[in-house]
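*Asks:* Below is the file my_file06.tsv, which contains TSV, C-alpha atoms.
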chain	number	residue	atom	x	y	z
F	1	MET	CA	204.06	-32.52	-50.54
F	2	VAL	CA	202.54	-32.73	-54.01
F	3	LEU	CA	205.06	-30.43	-55.75
F	4	TRP	CA	207.99	-32.49	-54.47
F	5	GLU	CA	206.28	-35.74	-55.55
F	6	LEU	CA	205.72	-34.26	-59.01
F	7	PHE	CA	209.28	-32.96	-59.20
F	8	HIS	CA	211.05	-36.17	-58.27
F	9	THR	CA	208.71	-38.35	-60.39
F	10	PHE	CA	209.26	-36.34	-63.56
F	11	PHE	CA	212.93	-35.61	-62.85
F	12	MET	CA	213.57	-39.37	-62.66
F	13	LEU	CA	211.44	-39.89	-65.75
F	14	GLY	CA	213.56	-37.32	-67.56
F	15	PHE	CA	216.65	-39.49	-67.14
F	16	VAL	CA	215.11	-42.67	-68.57
F	17	SER	CA	212.85	-41.13	-71.19
F	18	PHE	CA	214.34	-43.06	-74.12
F	19	GLY	CA	212.07	-43.21	-77.11
F	20	GLY	CA	210.08	-40.52	-75.33
F	21	GLY	CA	206.38	-40.29	-75.86
F	22	TYR	CA	204.05	-43.16	-75.21
F	23	ALA	CA	206.80	-45.35	-73.71
F	24	MET	CA	206.71	-43.11	-70.62
F	25	ILE	CA	203.00	-43.73	-69.90
F	26	PRO	CA	203.60	-46.79	-67.69
F	27	LEU	CA	205.95	-44.69	-65.53
F	28	ILE	CA	203.49	-41.80	-65.25
F	29	GLU	CA	200.68	-44.27	-64.51
F	30	THR	CA	202.66	-46.00	-61.74
F	31	ALA	CA	203.33	-42.64	-60.03
F	32	ALA	CA	199.82	-41.24	-60.62
F	33	THR	CA	198.10	-44.19	-58.97
F	34	LYS	CA	200.74	-44.47	-56.22
F	35	TYR	CA	200.38	-40.81	-55.15
F	36	GLY	CA	196.65	-40.69	-55.91
F	37	TRP	CA	196.94	-37.87	-58.49
F	38	MET	CA	194.40	-39.52	-60.80
F	39	THR	CA	192.94	-42.82	-62.00
F	40	THR	CA	194.19	-44.59	-65.12
F	41	GLU	CA	190.98	-43.55	-66.92
F	42	GLN	CA	191.60	-39.88	-66.06
F	43	LEU	CA	195.21	-40.26	-67.17
F	44	THR	CA	193.92	-41.47	-70.55
F	45	ASN	CA	192.06	-38.15	-70.88
F	46	MET	CA	195.31	-36.28	-70.10
F	47	VAL	CA	197.19	-38.29	-72.74
F	48	ALA	CA	194.40	-37.45	-75.21
F	49	ILE	CA	194.81	-33.71	-74.52
F	50	ALA	CA	198.60	-34.14	-74.74
F	51	GLY	CA	198.11	-35.77	-78.14
F	52	MET	CA	195.93	-32.91	-79.38
F	53	SER	CA	198.67	-30.38	-78.63
F	54	PRO	CA	201.97	-29.97	-80.39
F	55	GLY	CA	205.02	-30.95	-78.37
F	56	PRO	CA	206.32	-34.20	-76.93
F	57	ILE	CA	203.69	-36.55	-75.48
F	58	ALA	CA	205.70	-37.30	-72.31
F	59	ALA	CA	206.31	-33.63	-71.44
F	60	ASN	CA	202.75	-32.63	-72.35
F	61	SER	CA	201.31	-35.43	-70.19
F	62	ALA	CA	203.61	-34.43	-67.33
F	63	ILE	CA	202.42	-30.80	-67.58
F	64	LEU	CA	198.75	-31.87	-67.55
F	65	VAL	CA	199.19	-34.32	-64.67
F	66	GLY	CA	201.03	-31.57	-62.77
F	67	TYR	CA	198.25	-29.06	-63.48
F	68	SER	CA	195.59	-31.52	-62.40
F	69	ALA	CA	197.43	-32.36	-59.16
F	70	ALA	CA	198.61	-28.87	-58.13
F	71	GLY	CA	197.43	-26.16	-60.54
F	72	VAL	CA	199.75	-23.92	-62.57
F	73	ALA	CA	202.55	-24.38	-60.00
F	74	GLY	CA	202.26	-28.13	-60.53
F	75	ALA	CA	202.38	-27.72	-64.31
F	76	LEU	CA	205.53	-25.57	-64.08
F	77	THR	CA	207.20	-27.94	-61.59
F	78	SER	CA	206.54	-30.94	-63.83
F	79	ALA	CA	207.78	-29.14	-66.95
F	80	VAL	CA	211.03	-28.03	-65.28
F	81	ALA	CA	211.54	-31.49	-63.73
F	82	ILE	CA	211.21	-33.31	-67.06
F	83	LEU	CA	213.33	-30.78	-69.01
F	84	LEU	CA	216.20	-30.52	-66.53
F	85	PRO	CA	217.77	-33.99	-67.10
F	86	ALA	CA	217.53	-33.59	-70.89
F	87	ILE	CA	219.27	-30.19	-70.96
F	88	LEU	CA	221.96	-31.37	-68.52
F	89	LEU	CA	222.68	-34.48	-70.59
F	90	VAL	CA	222.60	-32.59	-73.89
F	91	ILE	CA	225.15	-30.07	-72.63
F	92	LEU	CA	227.31	-32.90	-71.26
F	93	VAL	CA	227.13	-34.92	-74.48
F	94	ALA	CA	227.60	-31.88	-76.72
F	95	SER	CA	230.68	-30.83	-74.75
F	96	PHE	CA	232.39	-34.21	-74.43
F	97	PHE	CA	230.77	-37.03	-76.39
F	98	MET	CA	229.61	-35.76	-79.77
F	99	LYS	CA	230.22	-39.26	-81.17
F	100	LEU	CA	228.22	-40.88	-78.36
F	101	HIS	CA	225.78	-42.66	-80.67
F	102	HIS	CA	228.66	-44.34	-82.55
F	103	HIS	CA	230.23	-45.80	-79.39
F	104	PRO	CA	230.00	-49.64	-79.43
F	105	ILE	CA	228.67	-49.91	-75.84
F	106	VAL	CA	226.03	-47.25	-76.51
F	107	GLU	CA	225.01	-49.03	-79.72
F	108	ALA	CA	224.76	-52.33	-77.83
F	109	MET	CA	222.65	-50.64	-75.13
F	110	PHE	CA	220.24	-49.33	-77.74
F	111	TYR	CA	220.05	-52.79	-79.30
F	112	GLY	CA	218.26	-53.77	-76.06
F	113	LEU	CA	216.65	-50.41	-75.23
F	114	LYS	CA	214.68	-50.06	-78.47
F	115	PRO	CA	212.78	-53.35	-78.10
F	116	LEU	CA	212.17	-52.47	-74.45
F	117	VAL	CA	210.71	-49.10	-75.48
F	118	THR	CA	208.37	-51.12	-77.70
F	119	SER	CA	207.45	-53.29	-74.67
F	120	LEU	CA	206.64	-50.16	-72.66
F	121	ILE	CA	204.34	-48.86	-75.40
F	122	ILE	CA	202.60	-52.26	-75.72
F	123	PHE	CA	202.22	-52.36	-71.93
F	124	ALA	CA	200.70	-48.86	-71.98
F	125	ALA	CA	198.21	-50.00	-74.62
F	126	ILE	CA	197.23	-53.04	-72.52
F	127	LYS	CA	196.77	-50.93	-69.37
F	128	PHE	CA	194.69	-48.29	-71.13
F	129	ALA	CA	192.60	-50.92	-72.96
F	130	GLN	CA	191.81	-52.59	-69.63
F	131	SER	CA	190.91	-49.45	-67.73
F	132	ASN	CA	188.76	-47.98	-70.52
F	133	GLY	CA	186.48	-50.98	-71.02
F	134	LEU	CA	188.04	-52.17	-74.27
F	135	ALA	CA	188.76	-55.61	-72.81
F	136	ASN	CA	185.12	-56.33	-71.83
F	137	PHE	CA	183.82	-58.87	-74.32
F	138	ASP	CA	180.22	-58.92	-73.07
F	139	PHE	CA	178.68	-58.14	-76.49
F	140	THR	CA	176.56	-55.21	-75.33
F	141	PHE	CA	176.02	-52.26	-77.69
F	142	HIS	CA	178.53	-50.30	-75.64
F	143	SER	CA	181.41	-52.78	-75.77
F	144	ILE	CA	180.85	-53.56	-79.48
F	145	SER	CA	180.81	-49.84	-80.33
F	146	LEU	CA	184.08	-49.39	-78.43
F	147	LEU	CA	185.71	-52.21	-80.41
F	148	LEU	CA	184.49	-50.62	-83.65
F	149	ILE	CA	185.90	-47.22	-82.64
F	150	PHE	CA	189.21	-48.92	-81.87
F	151	GLY	CA	189.30	-50.74	-85.22
F	152	LEU	CA	188.30	-47.68	-87.26
F	153	SER	CA	190.80	-45.45	-85.43
F	154	LEU	CA	193.61	-47.89	-86.16
F	155	PHE	CA	192.48	-48.14	-89.80
F	156	ALA	CA	192.49	-44.34	-90.17
F	157	LEU	CA	195.99	-44.12	-88.67
F	158	MET	CA	197.63	-47.05	-90.43
F	159	LYS	CA	195.93	-47.33	-93.82
F	160	LEU	CA	194.56	-43.84	-94.45
F	161	ARG	CA	197.60	-42.30	-92.70
F	162	TRP	CA	195.49	-39.58	-91.09
F	163	ASN	CA	197.12	-37.22	-88.64
F	164	PRO	CA	196.42	-38.48	-85.07
F	165	VAL	CA	195.00	-35.05	-84.13
F	166	TYR	CA	192.22	-35.36	-86.75
F	167	VAL	CA	191.49	-38.93	-85.67
F	168	ILE	CA	191.06	-37.74	-82.07
F	169	ILE	CA	188.74	-34.87	-83.09
F	170	ILE	CA	186.54	-37.07	-85.32
F	171	SER	CA	186.45	-39.72	-82.60
F	172	GLY	CA	185.21	-37.08	-80.15
F	173	LEU	CA	182.35	-36.14	-82.51
F	174	VAL	CA	181.46	-39.83	-82.87
F	175	GLY	CA	181.43	-40.08	-79.07
F	176	ILE	CA	179.03	-37.14	-78.76
F	177	ALA	CA	176.72	-38.73	-81.37
F	178	LEU	CA	176.77	-42.17	-79.76
F	179	TYR	CA	176.98	-41.64	-76.02
F	180	SER	CA	175.42	-38.29	-75.04
S	1	MET	CA	222.83	-5.19	-77.68
S	2	SER	CA	225.94	-7.28	-78.27
S	3	GLY	CA	226.25	-9.91	-81.00
S	4	GLU	CA	226.03	-12.68	-78.44
S	5	TRP	CA	222.62	-11.55	-77.19
S	6	THR	CA	221.37	-11.13	-80.75
S	7	LYS	CA	222.37	-14.71	-81.49
S	8	LEU	CA	220.68	-16.03	-78.34
S	9	TRP	CA	217.51	-14.13	-79.21
S	10	GLN	CA	217.62	-15.50	-82.79
S	11	LEU	CA	217.97	-19.06	-81.44
S	12	PHE	CA	215.08	-18.57	-79.04
S	13	TRP	CA	212.83	-17.00	-81.66
S	14	THR	CA	213.67	-19.49	-84.45
S	15	PHE	CA	212.71	-22.47	-82.29
S	16	PHE	CA	209.74	-20.60	-80.81
S	17	LYS	CA	208.33	-20.32	-84.35
S	18	ILE	CA	209.11	-23.93	-85.30
S	19	SER	CA	207.82	-25.50	-82.08
S	20	PRO	CA	204.04	-25.45	-82.76
S	21	VAL	CA	204.43	-27.83	-85.75
S	22	THR	CA	205.63	-30.70	-83.57
S	23	PHE	CA	202.34	-32.61	-83.58
S	24	GLY	CA	203.00	-36.34	-83.33
S	25	GLY	CA	206.68	-35.99	-82.56
S	26	GLY	CA	209.81	-33.94	-83.09
S	27	PHE	CA	210.60	-35.36	-86.52
S	28	ALA	CA	207.96	-33.06	-87.96
S	29	MET	CA	210.46	-30.24	-87.30
S	30	ILE	CA	213.05	-31.51	-89.77
S	31	PRO	CA	211.76	-29.72	-92.91
S	32	LEU	CA	211.41	-26.45	-90.99
S	33	ILE	CA	214.84	-26.80	-89.40
S	34	GLU	CA	216.29	-27.33	-92.87
S	35	ARG	CA	214.63	-24.13	-94.05
S	36	GLU	CA	215.21	-21.91	-91.01
S	37	ILE	CA	218.53	-23.19	-89.63
S	38	VAL	CA	220.27	-24.48	-92.74
S	39	GLU	CA	219.08	-22.25	-95.58
S	40	LYS	CA	218.16	-19.00	-93.85
S	41	ARG	CA	220.57	-18.74	-90.89
S	42	LYS	CA	223.26	-21.07	-92.31
S	43	TRP	CA	224.13	-22.25	-88.79
S	44	LEU	CA	224.44	-25.91	-89.92
S	45	ASP	CA	224.42	-27.93	-93.13
S	46	ASN	CA	222.03	-30.77	-93.98
S	47	ASP	CA	224.46	-33.50	-92.90
S	48	ASP	CA	224.78	-31.83	-89.50
S	49	VAL	CA	220.99	-31.90	-89.12
S	50	THR	CA	220.91	-35.66	-89.82
S	51	GLU	CA	223.70	-36.16	-87.26
S	52	VAL	CA	221.95	-34.00	-84.65
S	53	PHE	CA	218.70	-35.97	-84.97
S	54	ALA	CA	220.57	-39.29	-84.69
S	55	LEU	CA	222.42	-38.01	-81.61
S	56	SER	CA	219.19	-36.61	-80.09
S	57	GLN	CA	217.74	-40.11	-79.97
S	58	SER	CA	220.64	-41.42	-77.91
S	59	VAL	CA	219.97	-38.92	-75.11
S	60	PRO	CA	216.81	-39.37	-72.99
S	61	GLY	CA	214.07	-36.85	-73.65
S	62	ALA	CA	212.02	-35.68	-76.58
S	63	VAL	CA	213.63	-35.47	-80.02
S	64	ALA	CA	212.28	-31.95	-80.58
S	65	ILE	CA	213.75	-30.56	-77.36
S	66	ASN	CA	217.05	-32.45	-77.59
S	67	SER	CA	217.72	-31.54	-81.20
S	68	ALA	CA	216.92	-27.88	-80.52
S	69	SER	CA	219.29	-27.93	-77.52
S	70	PHE	CA	222.06	-29.59	-79.56
S	71	ILE	CA	221.71	-27.04	-82.35
S	72	GLY	CA	221.63	-24.24	-79.77
S	73	HIS	CA	224.80	-25.59	-78.18
S	74	ARG	CA	226.54	-25.80	-81.55
S	75	VAL	CA	225.64	-22.19	-82.34
S	76	GLY	CA	225.98	-20.53	-78.95
S	77	GLY	CA	227.39	-22.88	-76.30
S	78	VAL	CA	225.57	-23.58	-73.03
S	79	ARG	CA	223.59	-20.33	-73.20
S	80	GLY	CA	222.65	-21.14	-76.78
S	81	ALA	CA	221.40	-24.57	-75.71
S	82	LEU	CA	219.26	-22.96	-72.99
S	83	ALA	CA	217.88	-20.31	-75.37
S	84	ALA	CA	216.90	-22.94	-77.96
S	85	MET	CA	215.39	-25.21	-75.31
S	86	PHE	CA	213.21	-22.41	-73.90
S	87	GLY	CA	212.24	-21.39	-77.42
S	88	VAL	CA	211.10	-24.86	-78.41
S	89	SER	CA	209.37	-25.63	-75.08
S	90	LEU	CA	207.51	-22.41	-74.31
S	91	PRO	CA	204.86	-22.44	-77.09
S	92	THR	CA	203.89	-26.07	-76.52
S	93	PHE	CA	203.83	-25.51	-72.74
S	94	ILE	CA	201.39	-22.62	-73.17
S	95	ILE	CA	199.23	-24.50	-75.71
S	96	VAL	CA	198.95	-27.71	-73.69
S	97	LEU	CA	198.30	-25.80	-70.47
S	98	ALA	CA	195.56	-23.72	-72.15
S	99	LEU	CA	193.91	-26.90	-73.46
S	100	GLY	CA	194.20	-28.51	-70.02
S	101	ILE	CA	192.68	-25.49	-68.26
S	102	SER	CA	189.79	-25.44	-70.77
S	103	TYR	CA	189.26	-29.16	-70.25
S	104	PHE	CA	189.01	-28.78	-66.47
S	105	PHE	CA	186.79	-25.72	-66.92
S	106	ILE	CA	184.13	-27.64	-68.88
S	107	HIS	CA	184.86	-30.93	-67.09
S	108	GLY	CA	181.61	-32.69	-66.14
S	109	ASN	CA	179.71	-31.44	-69.19
S	110	PRO	CA	177.79	-34.51	-70.53
S	111	LYS	CA	178.77	-33.84	-74.16
S	112	LEU	CA	182.47	-33.57	-73.24
S	113	GLU	CA	182.26	-36.75	-71.18
S	114	ALA	CA	180.61	-38.57	-74.12
S	115	ALA	CA	183.30	-37.32	-76.50
S	116	PHE	CA	186.01	-38.61	-74.18
S	117	VAL	CA	184.47	-42.11	-73.96
S	118	SER	CA	185.29	-42.44	-77.66
S	119	ILE	CA	188.53	-40.43	-77.52
S	120	ARG	CA	189.99	-42.69	-74.81
S	121	ILE	CA	189.51	-45.69	-77.13
S	122	THR	CA	191.16	-43.77	-79.98
S	123	ILE	CA	194.11	-43.10	-77.65
S	124	VAL	CA	194.50	-46.87	-77.19
S	125	ALA	CA	194.54	-47.19	-81.00
S	126	ILE	CA	197.12	-44.39	-81.28
S	127	ILE	CA	199.33	-46.14	-78.72
S	128	VAL	CA	199.03	-49.45	-80.61
S	129	TYR	CA	199.98	-47.54	-83.77
S	130	ALA	CA	202.98	-46.02	-81.96
S	131	ALA	CA	204.03	-49.50	-80.83
S	132	ILE	CA	203.89	-50.78	-84.42
S	133	GLN	CA	205.86	-47.78	-85.72
S	134	THR	CA	208.52	-48.24	-83.04
S	135	ALA	CA	208.67	-52.03	-83.54
S	136	ARG	CA	209.43	-51.54	-87.24
S	137	THR	CA	212.89	-50.23	-86.42
S	138	ALA	CA	213.46	-51.88	-83.03
S	139	ILE	CA	212.54	-55.50	-83.81
S	140	PHE	CA	214.60	-57.06	-86.61
S	141	ASP	CA	215.96	-60.36	-85.28
S	142	LYS	CA	215.13	-63.11	-82.76
S	143	THR	CA	216.98	-61.44	-79.87
S	144	THR	CA	215.21	-58.08	-80.19
S	145	PHE	CA	211.88	-59.92	-80.48
S	146	LEU	CA	212.61	-61.89	-77.30
S	147	ILE	CA	213.66	-58.75	-75.38
S	148	MET	CA	210.39	-57.09	-76.41
S	149	LEU	CA	208.30	-60.10	-75.37
S	150	ALA	CA	210.12	-60.54	-72.04
S	151	GLY	CA	209.80	-56.79	-71.47
S	152	VAL	CA	206.00	-56.82	-71.74
S	153	LEU	CA	205.79	-59.76	-69.31
S	154	VAL	CA	208.14	-58.35	-66.65
S	155	LEU	CA	206.41	-54.95	-66.75
S	156	PHE	CA	203.44	-56.56	-64.98
S	157	PHE	CA	205.74	-57.20	-62.01
S	158	ILE	CA	208.56	-54.64	-61.87
S	159	HIS	CA	208.90	-50.85	-61.96
S	160	PRO	CA	209.29	-49.42	-65.50
S	161	VAL	CA	212.62	-47.75	-64.57
S	162	VAL	CA	214.07	-51.14	-63.56
S	163	ALA	CA	212.77	-52.63	-66.82
S	164	ILE	CA	214.49	-49.88	-68.85
S	165	ALA	CA	217.80	-50.55	-67.07
S	166	LEU	CA	217.42	-54.30	-67.65
S	167	GLY	CA	216.71	-53.66	-71.34
S	168	ALA	CA	219.98	-51.76	-71.77
S	169	ILE	CA	221.90	-54.47	-69.87
S	170	ALA	CA	220.23	-57.21	-71.97
S	171	GLY	CA	221.38	-55.37	-75.11
S	172	VAL	CA	225.01	-55.15	-73.97
S	173	ILE	CA	225.10	-58.79	-72.79
S	174	SER	CA	223.50	-60.23	-75.92
S	175	ILE	CA	225.83	-58.29	-78.24
S	176	PHE	CA	228.80	-59.42	-76.14
S	177	LEU	CA	227.68	-63.09	-76.24
S	178	LYS	CA	226.95	-62.94	-79.96
S	179	ARG	CA	230.46	-61.64	-80.64
S	180	LYS	CA	231.98	-64.26	-78.30
S	181	LEU	CA	230.09	-67.07	-80.08
S	182	GLY	CA	231.17	-65.74	-83.44
S	183	TYR	CA	227.74	-64.72	-84.74
S	184	ASP	CA	227.32	-62.01	-87.29
S	185	VAL	CA	226.31	-58.95	-85.28
S	186	GLN	CA	223.81	-56.56	-86.75
S	187	LEU	CA	223.14	-53.67	-84.41
S	188	LYS	CA	220.41	-51.89	-86.30
S	189	HIS	CA	217.61	-52.45	-88.71
S	190	ASP	CA	219.05	-51.77	-92.20
S	191	LYS	CA	216.37	-49.31	-93.16
S	192	ALA	CA	216.77	-47.58	-89.81
S	193	LYS	CA	220.37	-46.58	-90.55
S	194	ASP	CA	219.29	-43.16	-91.61
S	195	SER	CA	216.24	-42.84	-89.42
S	196	ALA	CA	216.57	-39.07	-89.45
S	197	ASN	CA	216.26	-39.20	-93.24
S	198	ASN	CA	213.11	-41.28	-92.89
S	199	PRO	CA	211.06	-39.35	-90.36
S	200	ASP	CA	208.02	-41.32	-91.54
S	201	TYR	CA	209.24	-44.19	-89.41
S	202	PHE	CA	208.68	-42.19	-86.29
S	203	MET	CA	205.62	-40.18	-87.27
S	204	GLY	CA	202.96	-40.91	-84.74
S	205	ALA	CA	205.44	-42.42	-82.30
S	206	GLY	CA	205.11	-39.26	-80.23
S	207	ILE	CA	208.83	-38.82	-79.68
Here is the file; what I need is its structure written in the form of structure tokens.

*Replies:*
Amino acid sequence: MVLWELFHTFFMLGFVSFGGGYAMIPLIETAATKYGWMTTEQLTNMVAIAGMSPGPIAANSAILVGYSAAGVAGALTSAVAILLPAILLVILVASFFMKLHHHPIVEAMFYGLKPLVTSLIIFAAIKFAQSNGLANFDFTFHSISLLLIFGLSLFALMKLRWNPVYVIIISGLVGIALYS
Amino acid sequence: MSGEWTKLWQLFWTFFKISPVTFGGGFAMIPLIEREIVEKRKWLDNDDVTEVFALSQSVPGAVAINSASFIGHRVGGVRGALAAMFGVSLPTFIIVLALGISYFFIHGNPKLEAAFVSIRITIVAIIVYAAIQTARTAIFDKTTFLIMLAGVLVLFFIHPVVAIALGAIAGVISIFLKRKLGYDVQLKHDKAKDSANNPDYFMGAGI
């Protein structure tokens, strides 16, 4: 049952979604390929749409994956599943542990969690680079143009400090000019 | 209408209005929260906002949703938390769903497909950028660097949820060992102490 698969995937994700956003892509990718919701390349498109919208990347991606797998019901199921753990934990923490982030054990946990969140994001980048042809060094026009798009996108983000949404839109126009 | 319902409606509507600015992560909300919640409604003061954003990062989930829920809880208890959470989530849910439906509607169009060949590569660049932004506060000594490196390697073999659990355990064990061996223990990047005051650190991290 697709709705149940969506629910338990994103409910579980909701409990471990530290550092939110792109760190959750490996988890979504594992489930998406396991249950056959979509390929990694299609998931990259969903993450792109998630990045063009306001709102958290993880929740937006979950909503889009849910919509793609089971329509509006799937989108709603995924949204509720990912929000439920957060609201439960916020109410719990707000009622009993307002000083949670100053607790020594919690601080020690985050000492290890933060680098691991970085690992997850690096892993997501490797996976997406592989499945979108960025790791093919065959020196054709296509693969060289992809490397250039990658380099220029990173330059616009890091040095020019452009908003990611504008970088995505301009990249789309470049794609239409080059590949259609 | 009782005062309680008015307050819940105000919470819902305040976050409903703020929500659409959260491009690239919840930290973009901070200036608006300061204006709407601190100056206009006077529900919290600026120090509370800093504390709420720090606390929001220690609970799983998005910073935007968690901080809204925490503020809602402070103002109106459990019902306040729910009102704020719905307020902050509803606009972005509608926007992302509308974009998704439009995408699937024109899916297969050659121009759209061509655009996405390039966009998918830009997404890889955005993720690399997010990794760099996150690393700036997460990696500040040899141990954190090693955890990051080991994390990338083990992710090729184990489920991400297991890796996250191992990361937390590795943090607790290494801090314990460092204390036992008498090392100076630094738990955070210096500059990261007031991460909520430096939202730039997390811009583009998508959290």

*Asks:* Show which residues sit within 10 Å of Leu44 of chain S, as a list of chain:residue names. Count all atoms listed in the file, and ignore same-chain residues fewer than 2 positions away.

*Replies:*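 Returned residues: S:Ile33, S:Glu34, S:Ile37, S:Val38, S:Glu39, S:Arg41, S:Lys42, S:Asn46, S:Asp47, S:Asp48, S:Val49, S:Val52, S:Ile71, S:Arg74, S:Val75.
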
*Asks:* Given the selection you just returned, output its residues as a file containing C-alpha atoms, formatted as a PDB file, in the coordinates of the input.

*Replies:*
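Done, and the output landed in again_5.pdb:
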ATOM      1  CA  ILE S  33     214.840 -26.800 -89.400  1.00  0.00           C
ATOM      2  CA  GLU S  34     216.290 -27.330 -92.870  1.00  0.00           C
ATOM      3  CA  ILE S  37     218.530 -23.190 -89.630  1.00  0.00           C
ATOM      4  CA  VAL S  38     220.270 -24.480 -92.740  1.00  0.00           C
ATOM      5  CA  GLU S  39     219.080 -22.250 -95.580  1.00  0.00           C
ATOM      6  CA  ARG S  41     220.570 -18.740 -90.890  1.00  0.00           C
ATOM      7  CA  LYS S  42     223.260 -21.070 -92.310  1.00  0.00           C
ATOM      8  CA  ASN S  46     222.030 -30.770 -93.980  1.00  0.00           C
ATOM      9  CA  ASP S  47     224.460 -33.500 -92.900  1.00  0.00           C
ATOM     10  CA  ASP S  48     224.780 -31.830 -89.500  1.00  0.00           C
ATOM     11  CA  VAL S  49     220.990 -31.900 -89.120  1.00  0.00           C
ATOM     12  CA  VAL S  52     221.950 -34.000 -84.650  1.00  0.00           C
ATOM     13  CA  ILE S  71     221.710 -27.040 -82.350  1.00  0.00           C
ATOM     14  CA  ARG S  74     226.540 -25.800 -81.550  1.00  0.00           C
ATOM     15  CA  VAL S  75     225.640 -22.190 -82.340  1.00  0.00           C
TER      16      VAL S  75
END

*Asks:* Restricting the calculation to only C-alpha atoms: of S:Ile158, S:Arg179, S:Val185, S:Ile127, which residue gets closest to chain F?

*Replies:*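 Smallest distance to chain F is found for S:Ile127.
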
*Asks:* Pick out the residues sitting within 6 Å of Phe15 of chain S, and hand them over as a PDB file with C-alpha atoms, in the frame of the given file; count only C-alpha atoms, and ignore anything fewer than 3 positions along from it in its own chain.

*Replies:*
ATOM      1  CA  PHE S  12     215.080 -18.570 -79.040  1.00  0.00           C
ATOM      2  CA  ILE S  18     209.110 -23.930 -85.300  1.00  0.00           C
ATOM      3  CA  SER S  19     207.820 -25.500 -82.080  1.00  0.00           C
ATOM      4  CA  GLY S  87     212.240 -21.390 -77.420  1.00  0.00           C
ATOM      5  CA  VAL S  88     211.100 -24.860 -78.410  1.00  0.00           C
TER       6      VAL S  88
END

*Asks:* Any idea what the distance is between atom CA of Leu43 of chain F and atom CA of Arg120 of chain S?

*Replies:* 9.6 Å

*Asks:* Can you tell me, as a PyMOL selection string, what residues are no more than 9 Å from Phe110 of chain F when counting all atoms listed in the file, ignoring any on the same chain fewer than 4 positions away?

*Replies:* (chain F and resi 105-106+114-115) or (chain S and resi 58+138+167-168+171-172+187-188)

*Asks:* Pick the closest to Phe155 of chain F from F:Val167, F:Phe137, F:Ala23, F:Thr77: which is it, counting all atoms listed in the file?

*Replies:*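 Answer, going by the shortest atom-to-atom distance: F:Val167.
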
*Asks:* What are the closest atom pairs, with distances in Å to one decimal, for each residue of chain S lying within 6 Å of chain F, using all atoms listed in the file, rows by chain and rising residue number, as a tab-separated table?

*Replies:*
residue	atom	partner	partner_atom	distance
S:Pro20	CA	F:Pro54	CA	5.5
S:Thr22	CA	F:Pro54	CA	4.9
S:Phe23	CA	F:Pro54	CA	4.2
S:Gly25	CA	F:Pro56	CA	5.9
S:Leu55	CA	F:His101	CA	5.8
S:Ser58	CA	F:His101	CA	6.0
S:Pro60	CA	F:Phe18	CA	4.6
S:Gly61	CA	F:Ser17	CA	5.1
S:Ala62	CA	F:Gly20	CA	5.4
S:Thr92	CA	F:Gly55	CA	5.3
S:Val96	CA	F:Ser53	CA	5.6
S:Lys111	CA	F:Ser180	CA	5.6
S:Ala114	CA	F:Ile176	CA	5.1
S:Ala115	CA	F:Gly172	CA	4.1
S:Ser118	CA	F:Gly175	CA	4.7
S:Ile119	CA	F:Gly172	CA	5.4
S:Arg120	CA	F:Thr44	CA	5.9
S:Ile121	CA	F:Phe150	CA	5.7
S:Thr122	CA	F:Ser153	CA	5.7
S:Val124	CA	F:Ala125	CA	5.5
S:Ala125	CA	F:Leu154	CA	5.3
S:Ile127	CA	F:Ala125	CA	5.7
S:Ala131	CA	F:Ile121	CA	5.5
S:Ala135	CA	F:Thr118	CA	5.9
S:Ala138	CA	F:Lys114	CA	5.1
S:Thr144	CA	F:Pro115	CA	5.7
S:Met148	CA	F:Pro115	CA	4.7
S:Gly151	CA	F:Ser119	CA	5.3
S:Val152	CA	F:Ser119	CA	4.8
S:Pro160	CA	F:Leu27	CA	5.8
S:Gly167	CA	F:Gly112	CA	5.0
S:Ala168	CA	F:Met109	CA	4.4
S:Ala170	CA	F:Gly112	CA	5.7
S:Gly171	CA	F:Gly112	CA	3.6
S:Val172	CA	F:Ala108	CA	4.8
S:Gly206	CA	F:Gly21	CA	4.7
S:Ile207	CA	F:Gly21	CA	4.8

*Asks:* Please measure the separation of atom CA of Val161 of chain S and atom CA of Lys180 of chain S, giving the value in Å to one decimal.

*Replies:*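 Atom-to-atom, atom CA of Val161 of chain S to atom CA of Lys180 of chain S, that is 28.9 Å.
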
*Asks:* Provide the atom CA of Leu3 of chain F to atom CA of Val80 of chain F distance in Å, to one decimal place.

*Replies:*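 Rounded to one decimal, the two atoms are 11.5 Å apart.
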
*Asks:* Can you take the partial segment 30-35 of chain F, add N, CA and C atoms, and return it as a CSV table (one decimal), in the frame of the given file?

*Replies:*
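Listing of rebuild-v4.csv after writing:
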chain,number,residue,atom,x,y,z
F,30,THR,N,202.2,-45.4,-63.0
F,30,THR,CA,202.7,-46.0,-61.7
F,30,THR,C,202.7,-44.9,-60.7
F,31,ALA,N,203.2,-43.7,-61.0
F,31,ALA,CA,203.3,-42.6,-60.0
F,31,ALA,C,201.9,-42.1,-59.7
F,32,ALA,N,201.1,-41.9,-60.8
F,32,ALA,CA,199.8,-41.2,-60.6
F,32,ALA,C,198.9,-42.1,-59.7
F,33,THR,N,199.0,-43.4,-59.8
F,33,THR,CA,198.1,-44.2,-59.0
F,33,THR,C,198.7,-44.3,-57.6
F,34,LYS,N,200.1,-44.4,-57.5
F,34,LYS,CA,200.7,-44.5,-56.2
F,34,LYS,C,200.4,-43.2,-55.3
F,35,TYR,N,200.6,-42.0,-55.9
F,35,TYR,CA,200.4,-40.8,-55.2
F,35,TYR,C,198.9,-40.3,-55.2
